[in-house]
Every structure is written in structure tokens, then in C-alpha cells.
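Colleague: So here's work.pdb, just PDB, C-alpha atoms, pLDDT in the B column:
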ATOM      1  CA  MET V   1      12.485 -11.278 -10.344  1.00 45.00           C
ATOM      2  CA  PRO V   2      13.728 -12.890  -7.120  1.00 48.00           C
ATOM      3  CA  LYS V   3      11.603 -15.546  -5.515  1.00 51.00           C
ATOM      4  CA  ILE V   4      10.423 -14.999  -1.958  1.00 53.00           C
ATOM      5  CA  SER V   5      11.768 -17.230   0.757  1.00 47.00           C
ATOM      6  CA  ALA V   6      10.135 -17.994   4.067  1.00 43.00           C
ATOM      7  CA  LYS V   7      12.978 -16.338   5.983  1.00 46.00           C
ATOM      8  CA  SER V   8      13.240 -13.103   3.986  1.00 49.00           C
ATOM      9  CA  ALA V   9       9.491 -12.534   3.861  1.00 47.00           C
ATOM     10  CA  THR V  10       9.226 -10.795   7.235  1.00 52.00           C
ATOM     11  CA  GLU V  11      12.742  -9.545   7.916  1.00 62.00           C
ATOM     12  CA  THR V  12      12.499  -5.878   6.949  1.00 85.00           C
ATOM     13  CA  ALA V  13       9.959  -3.113   6.884  1.00 86.00           C
ATOM     14  CA  PRO V  14       9.607  -1.261   3.601  1.00 90.00           C
ATOM     15  CA  ALA V  15      11.481   2.033   3.311  1.00 91.00           C
ATOM     16  CA  SER V  16       8.468   3.840   1.869  1.00 93.00           C
ATOM     17  CA  PHE V  17       4.894   3.492   0.695  1.00 94.00           C
ATOM     18  CA  GLU V  18       6.130   3.262  -2.883  1.00 95.00           C
ATOM     19  CA  ASP V  19       8.601   0.494  -2.010  1.00 95.00           C
ATOM     20  CA  ALA V  20       5.845  -1.417  -0.236  1.00 95.00           C
ATOM     21  CA  MET V  21       3.526  -1.115  -3.230  1.00 95.00           C
ATOM     22  CA  GLN V  22       6.250  -2.276  -5.615  1.00 96.00           C
ATOM     23  CA  GLU V  23       7.065  -5.286  -3.437  1.00 95.00           C
ATOM     24  CA  LEU V  24       3.376  -6.095  -3.113  1.00 95.00           C
ATOM     25  CA  GLU V  25       2.964  -6.002  -6.888  1.00 96.00           C
ATOM     26  CA  GLN V  26       5.917  -8.383  -7.283  1.00 95.00           C
ATOM     27  CA  LEU V  27       4.412 -10.772  -4.742  1.00 94.00           C
ATOM     28  CA  VAL V  28       1.100 -10.770  -6.578  1.00 93.00           C
ATOM     29  CA  VAL V  29       2.815 -11.568  -9.883  1.00 94.00           C
ATOM     30  CA  GLN V  30       4.741 -14.447  -8.277  1.00 92.00           C
ATOM     31  CA  MET V  31       1.662 -15.853  -6.582  1.00 92.00           C
ATOM     32  CA  GLU V  32      -0.504 -15.548  -9.682  1.00 92.00           C
ATOM     33  CA  ALA V  33       2.142 -17.381 -11.718  1.00 93.00           C
ATOM     34  CA  GLY V  34       1.534 -20.403  -9.478  1.00 89.00           C
ATOM     35  CA  GLU V  35       5.191 -21.384  -9.473  1.00 86.00           C
ATOM     36  CA  LEU V  36       5.915 -20.872  -5.762  1.00 89.00           C
ATOM     37  CA  PRO V  37       6.198 -23.926  -3.520  1.00 94.00           C
ATOM     38  CA  LEU V  38       3.651 -24.145  -0.706  1.00 93.00           C
ATOM     39  CA  GLU V  39       5.968 -22.781   2.009  1.00 94.00           C
ATOM     40  CA  ALA V  40       7.002 -19.821  -0.155  1.00 94.00           C
ATOM     41  CA  SER V  41       3.356 -19.151  -1.043  1.00 93.00           C
ATOM     42  CA  VAL V  42       2.427 -18.960   2.637  1.00 94.00           C
ATOM     43  CA  ALA V  43       5.415 -16.672   3.297  1.00 95.00           C
ATOM     44  CA  ALA V  44       4.436 -14.470   0.335  1.00 94.00           C
ATOM     45  CA  TYR V  45       0.856 -14.240   1.594  1.00 94.00           C
ATOM     46  CA  LYS V  46       2.060 -13.299   5.081  1.00 96.00           C
ATOM     47  CA  ARG V  47       4.441 -10.676   3.696  1.00 96.00           C
ATOM     48  CA  GLY V  48       1.688  -9.325   1.471  1.00 95.00           C
ATOM     49  CA  SER V  49      -0.604  -8.953   4.478  1.00 95.00           C
ATOM     50  CA  GLU V  50       2.117  -7.051   6.315  1.00 95.00           C
ATOM     51  CA  LEU V  51       2.657  -4.785   3.319  1.00 96.00           C
ATOM     52  CA  VAL V  52      -1.065  -4.059   3.037  1.00 95.00           C
ATOM     53  CA  LYS V  53      -1.165  -3.103   6.730  1.00 95.00           C
ATOM     54  CA  PHE V  54       1.916  -0.901   6.281  1.00 95.00           C
ATOM     55  CA  CYS V  55       0.367   0.864   3.277  1.00 95.00           C
ATOM     56  CA  ALA V  56      -2.956   1.370   5.069  1.00 95.00           C
ATOM     57  CA  ALA V  57      -1.148   2.864   8.068  1.00 94.00           C
ATOM     58  CA  GLN V  58       0.815   5.195   5.793  1.00 94.00           C
ATOM     59  CA  LEU V  59      -2.389   6.335   4.062  1.00 94.00           C
ATOM     60  CA  ASP V  60      -4.091   6.920   7.427  1.00 93.00           C
ATOM     61  CA  LYS V  61      -1.108   8.961   8.579  1.00 92.00           C
ATOM     62  CA  VAL V  62      -1.165  11.113   5.446  1.00 91.00           C
ATOM     63  CA  ASP V  63      -4.931  11.528   5.726  1.00 89.00           C
ATOM     64  CA  SER V  64      -4.526  12.780   9.294  1.00 87.00           C
ATOM     65  CA  GLN V  65      -1.787  15.191   8.229  1.00 85.00           C
ATOM     66  CA  VAL V  66      -3.953  16.593   5.433  1.00 84.00           C
ATOM     67  CA  LYS V  67      -6.838  17.109   7.855  1.00 81.00           C
ATOM     68  CA  VAL V  68      -4.543  18.997  10.235  1.00 80.00           C
ATOM     69  CA  LEU V  69      -3.119  21.128   7.424  1.00 77.00           C
ATOM     70  CA  GLU V  70      -6.518  21.916   5.922  1.00 75.00           C
ATOM     71  CA  GLY V  71      -8.325  22.350   9.247  1.00 74.00           C
ATOM     72  CA  ASP V  72     -11.847  23.671   8.807  1.00 66.00           C
ATOM     73  CA  MET V  73     -11.388  24.113   5.067  1.00 70.00           C
ATOM     74  CA  LEU V  74     -12.168  20.442   4.377  1.00 61.00           C
ATOM     75  CA  LYS V  75     -15.532  20.050   2.727  1.00 66.00           C
ATOM     76  CA  PRO V  76     -17.141  17.092   0.972  1.00 70.00           C
ATOM     77  CA  PHE V  77     -16.294  16.971  -2.727  1.00 69.00           C
ATOM     78  CA  SER V  78     -19.095  17.330  -5.194  1.00 69.00           C
ATOM     79  CA  ALA V  79     -18.930  17.550  -8.974  1.00 67.00           C
ATOM     80  CA  ASP V  80     -21.466  20.395  -8.880  1.00 66.00           C
ATOM     81  CA  GLN V  81     -19.024  22.601  -6.929  1.00 53.00           C
ATOM     82  CA  THR V  82     -16.197  22.204  -9.425  1.00 55.00           C
ATOM     83  CA  ALA V  83     -18.470  22.710 -12.440  1.00 57.00           C
ATOM     84  CA  GLY V  84     -19.755  25.987 -11.011  1.00 53.00           C
ATOM     85  CA  GLU V  85     -16.259  27.351 -10.365  1.00 54.00           C
ATOM     86  CA  ASP V  86     -15.296  27.326 -14.048  1.00 52.00           C
ATOM     87  CA  ASP V  87     -18.196  29.548 -15.088  1.00 48.00           C
TER      88      ASP V  87
END
Transcribe the structure of this file into C-alpha cells.

Modeller:
Amino acid sequence: MPKISAKSATETAPASFEDAMQELEQLVVQMEAGELPLEASVAAYKRGSELVKFCAAQLDKVDSQVKVLEGDMLKPFSADQTAGEDD
């Protein structure tokens, strides 16, 4: 697993939500191991914050798309509704 450097931490945007999540998981493992020097830890934290924002934006975008696709059909989920449909 490659170590994060201060320079590479903010150079590129992730290609996808899945790539961002994978990179974020790697950062967490590195940071939890406690082996990163201070500068690399700060860079990893900054990159992690950027990845979290990217993922949140992607989820918001997908949520908006689902609402447009579903239109008025969106209703709050309740376990009672799904239990009654099987009967």
C-alpha cells in the first residue's frame, strides 16, 4: 500500500464514487496504523476531507436523479407497507 505524500494528496479528483471510497479506506488504514509522519498525516486528513465531500456530492446527485425519475411515486418507507404486500 503506497504511502500518501503531501504533494500527491490533492492533485487529482477521483474517477468515481467507488474509487473515492477505496482511496478513503486506504487513508484510514494508513492513519490508524500511526506510521505516517506529521506532514503526511495532515495531507492524508486533507485528502480524506476532500474525498468525503466528493462522495457526499455524488450521493446528493444520485438522490436528486432518483427523485426526478420517481417523481410523485416517492413515498416514505415503512416496514408495515412491505409486510402487507406479501400477504

Colleague: What does the distance between atom CA of V:Ala57 and atom CA of V:Ala33 come to in Å, to one decimal place?

Modeller: 28.5 Å

Colleague: Go ahead and compute the interatomic distance for atom CA of V:Leu24 and atom CA of V:Leu51, in Å to one decimal.

Modeller: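 Atom CA of V:Leu24 sits 6.6 Å away from atom CA of V:Leu51.
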
Colleague: Have a look at atom CA of V:Asp19 and atom CA of V:Asp60 and let me know their distance in Å, one decimal.

Modeller: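 Atom CA of V:Asp19 sits 17.1 Å away from atom CA of V:Asp60.
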
Colleague: Run through the PyMOL selection byres ((chain V and resi 31) around 12) on the given coordinates and return the selected residues as a PDB file with C-alpha atoms, in the coordinates of the input.

Modeller:
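result-v2.pdb, freshly written:
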ATOM      1  CA  LYS V   3      11.603 -15.546  -5.515  1.00 51.00           C
ATOM      2  CA  ILE V   4      10.423 -14.999  -1.958  1.00 53.00           C
ATOM      3  CA  LEU V  24       3.376  -6.095  -3.113  1.00 95.00           C
ATOM      4  CA  GLU V  25       2.964  -6.002  -6.888  1.00 96.00           C
ATOM      5  CA  GLN V  26       5.917  -8.383  -7.283  1.00 95.00           C
ATOM      6  CA  LEU V  27       4.412 -10.772  -4.742  1.00 94.00           C
ATOM      7  CA  VAL V  28       1.100 -10.770  -6.578  1.00 93.00           C
ATOM      8  CA  VAL V  29       2.815 -11.568  -9.883  1.00 94.00           C
ATOM      9  CA  GLN V  30       4.741 -14.447  -8.277  1.00 92.00           C
ATOM     10  CA  GLU V  32      -0.504 -15.548  -9.682  1.00 92.00           C
ATOM     11  CA  ALA V  33       2.142 -17.381 -11.718  1.00 93.00           C
ATOM     12  CA  GLY V  34       1.534 -20.403  -9.478  1.00 89.00           C
ATOM     13  CA  GLU V  35       5.191 -21.384  -9.473  1.00 86.00           C
ATOM     14  CA  LEU V  36       5.915 -20.872  -5.762  1.00 89.00           C
ATOM     15  CA  PRO V  37       6.198 -23.926  -3.520  1.00 94.00           C
ATOM     16  CA  LEU V  38       3.651 -24.145  -0.706  1.00 93.00           C
ATOM     17  CA  GLU V  39       5.968 -22.781   2.009  1.00 94.00           C
ATOM     18  CA  ALA V  40       7.002 -19.821  -0.155  1.00 94.00           C
ATOM     19  CA  SER V  41       3.356 -19.151  -1.043  1.00 93.00           C
ATOM     20  CA  VAL V  42       2.427 -18.960   2.637  1.00 94.00           C
ATOM     21  CA  ALA V  43       5.415 -16.672   3.297  1.00 95.00           C
ATOM     22  CA  ALA V  44       4.436 -14.470   0.335  1.00 94.00           C
ATOM     23  CA  TYR V  45       0.856 -14.240   1.594  1.00 94.00           C
ATOM     24  CA  LYS V  46       2.060 -13.299   5.081  1.00 96.00           C
ATOM     25  CA  ARG V  47       4.441 -10.676   3.696  1.00 96.00           C
ATOM     26  CA  GLY V  48       1.688  -9.325   1.471  1.00 95.00           C
TER      27      GLY V  48
END

Colleague: Which centre and edge lengths in Å to one decimal define the box along x, y and z that fits every listed atom of stretch 59-74 of chain V plus 6 Å per side, as AutoDock Vina command-line options?

Modeller:
--center_x -6.6 --center_y 15.2 --center_z 7.1 --size_x 23.1 --size_y 29.8 --size_z 18.2
